[in-house]
Amino acid sequence: MNPEILQMSGPILSVEVSIPSALASALTKENKPTPSPTGGWALIDTGATRSCVDDDVIRKLGVNPIGAGEVHNSGGKQSVNLFPAHFRFPGAPLPEIEFTSAIGVSISAQKVNNQPIIALLGRDILKNCVFIYNGTLGMYTLSI
């Protein structure tokens with residue numbers, strides 16, 4: 001890879017965000033359609049304590065917030081919604097992740113190659129991984 005490209009895009013991987021498995025099962029039992037997953041990028045974010053999902057993306061899938069919380073970022077303290085969500089990583093040898101509560105944030109306006117960033121993988125996931133960021137070579141490695 002190119003170091004400048006990695007610097008500009010960050011460590012990203014393809015992700016599909018979908019409704020949580022429990023909601024999918026409930027819809028199936030009621031003979032209701034299950035919404036299709038939404039695709040985009042997941043940014044590996046070592047600064048995020050917890051993983052996040054784009055608030056608009058998860059709401060458009062019909063998932064309601066299950067609670068509220070607070071995050072602290074460069075702008076100070078901010079109230080956020082918490083959502084159950086399911087992440088799948090097409091083309092990557094990573095397992096699917098079922099979140100009982102991911103933080104809802106507004107990030108889809110950030111795009112890489114005209115595809116939105118719709119999720120952040122935080123330290124709640126990274127604590128189970130080996131993550132190597134090699135800026136000199138313009139590449140990263142993530143393994144579980």
# chains A, B, ... in the order shown; residues from 1 in each chain; ligands from 1
$ residues_around --residues "Ile117 in chain A" --least-positions-apart "3" --cutoff "10 Å" --atoms "only C-alpha atoms" --output "tab-separated table (two decimals) with N, CA, C and O atoms, in the first residue's frame"
chain	number	residue	atom	x	y	z
A	9	SER	N	-7.06	7.67	4.62
A	9	SER	CA	-8.27	6.88	4.85
A	9	SER	C	-8.32	6.28	6.24
A	9	SER	O	-9.39	6.05	6.79
A	12	ILE	N	-9.20	0.96	7.54
A	12	ILE	CA	-10.62	0.69	7.30
A	12	ILE	C	-10.79	-0.73	6.75
A	12	ILE	O	-9.87	-1.30	6.19
A	13	LEU	N	-11.99	-1.27	6.95
A	13	LEU	CA	-12.35	-2.54	6.35
A	13	LEU	C	-13.83	-2.52	6.03
A	13	LEU	O	-14.60	-1.77	6.64
A	14	SER	N	-14.20	-3.32	5.06
A	14	SER	CA	-15.59	-3.37	4.63
A	14	SER	C	-16.45	-3.97	5.74
A	14	SER	O	-16.06	-4.93	6.39
A	15	VAL	N	-17.63	-3.37	5.94
A	15	VAL	CA	-18.54	-3.84	6.98
A	15	VAL	C	-19.97	-3.83	6.46
A	15	VAL	O	-20.32	-3.00	5.61
A	39	GLY	N	-24.14	-1.58	3.80
A	39	GLY	CA	-22.70	-1.71	3.65
A	39	GLY	C	-21.98	-0.37	3.69
A	39	GLY	O	-22.55	0.67	3.38
A	40	GLY	N	-20.74	-0.43	4.09
A	40	GLY	CA	-19.89	0.75	4.14
A	40	GLY	C	-18.53	0.36	4.72
A	40	GLY	O	-18.13	-0.79	4.63
A	41	TRP	N	-17.87	1.33	5.30
A	41	TRP	CA	-16.56	1.10	5.92
A	41	TRP	C	-16.67	1.09	7.43
A	41	TRP	O	-17.46	1.84	8.00
A	42	ALA	N	-15.82	0.28	8.05
A	42	ALA	CA	-15.59	0.35	9.50
A	42	ALA	C	-14.17	0.90	9.67
A	42	ALA	O	-13.23	0.42	9.03
A	43	LEU	N	-14.03	1.89	10.50
A	43	LEU	CA	-12.74	2.47	10.81
A	43	LEU	C	-12.25	1.89	12.13
A	43	LEU	O	-12.99	1.91	13.12
A	53	VAL	N	-21.81	2.72	15.89
A	53	VAL	CA	-22.54	2.51	14.65
A	53	VAL	C	-23.17	3.84	14.26
A	53	VAL	O	-23.55	4.64	15.14
A	54	ASP	N	-23.24	4.10	12.97
A	54	ASP	CA	-23.86	5.35	12.54
A	54	ASP	C	-25.34	5.36	12.93
A	54	ASP	O	-26.08	4.43	12.63
A	106	SER	N	-22.83	10.06	14.64
A	106	SER	CA	-23.06	10.57	13.29
A	106	SER	C	-21.72	10.60	12.56
A	106	SER	O	-20.92	11.52	12.76
A	107	ILE	N	-21.47	9.57	11.73
A	107	ILE	CA	-20.18	9.48	11.04
A	107	ILE	C	-20.28	9.24	9.55
A	107	ILE	O	-19.29	9.33	8.84
A	108	SER	N	-21.47	8.93	9.03
A	108	SER	CA	-21.57	8.51	7.62
A	108	SER	C	-21.26	9.63	6.63
A	108	SER	O	-21.10	9.35	5.44
A	109	ALA	N	-21.16	10.87	7.07
A	109	ALA	CA	-20.77	11.94	6.16
A	109	ALA	C	-19.29	11.79	5.77
A	109	ALA	O	-18.86	12.32	4.75
A	110	GLN	N	-18.52	11.05	6.59
A	110	GLN	CA	-17.13	10.77	6.26
A	110	GLN	C	-17.10	9.63	5.25
A	110	GLN	O	-17.67	8.58	5.49
A	111	LYS	N	-16.45	9.87	4.14
A	111	LYS	CA	-16.44	8.87	3.06
A	111	LYS	C	-15.02	8.55	2.63
A	111	LYS	O	-14.13	9.39	2.71
A	112	VAL	N	-14.85	7.32	2.18
A	112	VAL	CA	-13.60	6.88	1.55
A	112	VAL	C	-14.01	6.25	0.24
A	112	VAL	O	-14.82	5.33	0.21
A	114	ASN	N	-16.00	7.42	-1.94
A	114	ASN	CA	-17.46	7.66	-2.03
A	114	ASN	C	-18.30	6.65	-1.27
A	114	ASN	O	-19.50	6.55	-1.49
A	120	LEU	N	-17.36	2.27	13.81
A	120	LEU	CA	-16.03	2.41	14.40
A	120	LEU	C	-15.79	1.17	15.24
A	120	LEU	O	-16.64	0.79	16.05
$ select_by_dssp --residues "chain A" --states "strand (DSSP E or B)" --output "PyMOL selection string"
chain A and resi 12-18+38-44+52-54+67-73+76-88+97-105+111-112+115-121+130-134+139-143
$ closest_residue --among "A:Ser25, A:Asn81, A:Asn31, A:Ser36" --to "Cys52 in chain A" --atoms "only C-alpha atoms"
A:Asn81
$ residues_around --residues "Gly138 in chain A" --least-positions-apart "4" --cutoff "8 Å" --atoms "only C-alpha atoms" --output "list in words"
Met1, Asn2, Pro3, Glu4, Ile5, Leu6, Gln7 and Asn134 of chain A
$ atom_distance --atom1 "CA of Lys60 in chain A" --atom2 "CA of Gly75 in chain A"
26.5 Å
$ decode --residues "range 68-79 of chain A" --atoms "all heavy atoms" --output "PDB file, in the first residue's frame"
ATOM      1  N   ALA A  68     -29.361   5.182  26.758  1.00  0.00           N
ATOM      2  CA  ALA A  68     -28.573   6.384  26.473  1.00  0.00           C
ATOM      3  C   ALA A  68     -27.281   6.320  27.273  1.00  0.00           C
ATOM      4  O   ALA A  68     -27.175   5.605  28.270  1.00  0.00           O
ATOM      5  CB  ALA A  68     -29.357   7.640  26.825  1.00  0.00           C
ATOM      6  N   GLY A  69     -26.306   7.066  26.813  1.00  0.00           N
ATOM      7  CA  GLY A  69     -25.030   7.133  27.500  1.00  0.00           C
ATOM      8  C   GLY A  69     -24.352   8.450  27.195  1.00  0.00           C
ATOM      9  O   GLY A  69     -24.942   9.332  26.575  1.00  0.00           O
ATOM     10  N   GLU A  70     -23.119   8.555  27.642  1.00  0.00           N
ATOM     11  CA  GLU A  70     -22.319   9.749  27.395  1.00  0.00           C
ATOM     12  C   GLU A  70     -20.974   9.334  26.827  1.00  0.00           C
ATOM     13  O   GLU A  70     -20.435   8.289  27.196  1.00  0.00           O
ATOM     14  CB  GLU A  70     -22.072  10.521  28.691  1.00  0.00           C
ATOM     15  CG  GLU A  70     -23.240  11.296  29.191  1.00  0.00           C
ATOM     16  CD  GLU A  70     -22.880  12.135  30.421  1.00  0.00           C
ATOM     17  OE1 GLU A  70     -21.837  11.887  31.068  1.00  0.00           O
ATOM     18  OE2 GLU A  70     -23.658  13.041  30.728  1.00  0.00           O
ATOM     19  N   VAL A  71     -20.464  10.152  25.927  1.00  0.00           N
ATOM     20  CA  VAL A  71     -19.105   9.978  25.434  1.00  0.00           C
ATOM     21  C   VAL A  71     -18.350  11.274  25.657  1.00  0.00           C
ATOM     22  O   VAL A  71     -18.942  12.357  25.744  1.00  0.00           O
ATOM     23  CB  VAL A  71     -19.067   9.590  23.931  1.00  0.00           C
ATOM     24  CG1 VAL A  71     -19.672   8.216  23.723  1.00  0.00           C
ATOM     25  CG2 VAL A  71     -19.733  10.623  23.061  1.00  0.00           C
ATOM     26  N   HIS A  72     -17.063  11.140  25.765  1.00  0.00           N
ATOM     27  CA  HIS A  72     -16.187  12.305  25.910  1.00  0.00           C
ATOM     28  C   HIS A  72     -15.284  12.338  24.692  1.00  0.00           C
ATOM     29  O   HIS A  72     -14.575  11.374  24.411  1.00  0.00           O
ATOM     30  CB  HIS A  72     -15.350  12.201  27.190  1.00  0.00           C
ATOM     31  CG  HIS A  72     -16.183  12.108  28.427  1.00  0.00           C
ATOM     32  ND1 HIS A  72     -16.591  13.213  29.121  1.00  0.00           N
ATOM     33  CD2 HIS A  72     -16.729  11.044  29.061  1.00  0.00           C
ATOM     34  CE1 HIS A  72     -17.327  12.837  30.146  1.00  0.00           C
ATOM     35  NE2 HIS A  72     -17.430  11.506  30.130  1.00  0.00           N
ATOM     36  N   ASN A  73     -15.361  13.428  23.948  1.00  0.00           N
ATOM     37  CA  ASN A  73     -14.518  13.563  22.761  1.00  0.00           C
ATOM     38  C   ASN A  73     -13.890  14.945  22.750  1.00  0.00           C
ATOM     39  O   ASN A  73     -13.994  15.678  23.731  1.00  0.00           O
ATOM     40  CB  ASN A  73     -15.320  13.271  21.483  1.00  0.00           C
ATOM     41  CG  ASN A  73     -16.553  14.139  21.353  1.00  0.00           C
ATOM     42  OD1 ASN A  73     -16.549  15.292  21.777  1.00  0.00           O
ATOM     43  ND2 ASN A  73     -17.609  13.600  20.764  1.00  0.00           N
ATOM     44  N   SER A  74     -13.290  15.307  21.650  1.00  0.00           N
ATOM     45  CA  SER A  74     -12.592  16.596  21.591  1.00  0.00           C
ATOM     46  C   SER A  74     -13.536  17.779  21.802  1.00  0.00           C
ATOM     47  O   SER A  74     -13.105  18.848  22.196  1.00  0.00           O
ATOM     48  CB  SER A  74     -11.859  16.736  20.253  1.00  0.00           C
ATOM     49  OG  SER A  74     -12.789  16.679  19.192  1.00  0.00           O
ATOM     50  N   GLY A  75     -14.822  17.576  21.544  1.00  0.00           N
ATOM     51  CA  GLY A  75     -15.810  18.638  21.752  1.00  0.00           C
ATOM     52  C   GLY A  75     -16.388  18.656  23.158  1.00  0.00           C
ATOM     53  O   GLY A  75     -17.265  19.448  23.461  1.00  0.00           O
ATOM     54  N   GLY A  76     -15.921  17.760  24.017  1.00  0.00           N
ATOM     55  CA  GLY A  76     -16.429  17.676  25.385  1.00  0.00           C
ATOM     56  C   GLY A  76     -17.370  16.496  25.551  1.00  0.00           C
ATOM     57  O   GLY A  76     -17.342  15.537  24.788  1.00  0.00           O
ATOM     58  N   LYS A  77     -18.233  16.602  26.542  1.00  0.00           N
ATOM     59  CA  LYS A  77     -19.175  15.536  26.858  1.00  0.00           C
ATOM     60  C   LYS A  77     -20.376  15.612  25.923  1.00  0.00           C
ATOM     61  O   LYS A  77     -20.873  16.696  25.619  1.00  0.00           O
ATOM     62  CB  LYS A  77     -19.649  15.695  28.303  1.00  0.00           C
ATOM     63  CG  LYS A  77     -20.196  14.450  28.911  1.00  0.00           C
ATOM     64  CD  LYS A  77     -20.718  14.607  30.326  1.00  0.00           C
ATOM     65  CE  LYS A  77     -19.898  15.460  31.229  1.00  0.00           C
ATOM     66  NZ  LYS A  77     -20.408  15.463  32.605  1.00  0.00           N
ATOM     67  N   GLN A  78     -20.850  14.448  25.461  1.00  0.00           N
ATOM     68  CA  GLN A  78     -21.971  14.403  24.533  1.00  0.00           C
ATOM     69  C   GLN A  78     -22.882  13.241  24.908  1.00  0.00           C
ATOM     70  O   GLN A  78     -22.415  12.150  25.213  1.00  0.00           O
ATOM     71  CB  GLN A  78     -21.442  14.217  23.105  1.00  0.00           C
ATOM     72  CG  GLN A  78     -22.484  14.135  22.043  1.00  0.00           C
ATOM     73  CD  GLN A  78     -21.862  13.879  20.668  1.00  0.00           C
ATOM     74  OE1 GLN A  78     -20.652  13.744  20.520  1.00  0.00           O
ATOM     75  NE2 GLN A  78     -22.693  13.801  19.666  1.00  0.00           N
ATOM     76  N   SER A  79     -24.207  13.483  24.869  1.00  0.00           N
ATOM     77  CA  SER A  79     -25.175  12.412  25.089  1.00  0.00           C
ATOM     78  C   SER A  79     -25.350  11.624  23.800  1.00  0.00           C
ATOM     79  O   SER A  79     -25.396  12.196  22.709  1.00  0.00           O
ATOM     80  CB  SER A  79     -26.525  12.988  25.516  1.00  0.00           C
ATOM     81  OG  SER A  79     -26.404  13.612  26.768  1.00  0.00           O
TER      82      SER A  79
END
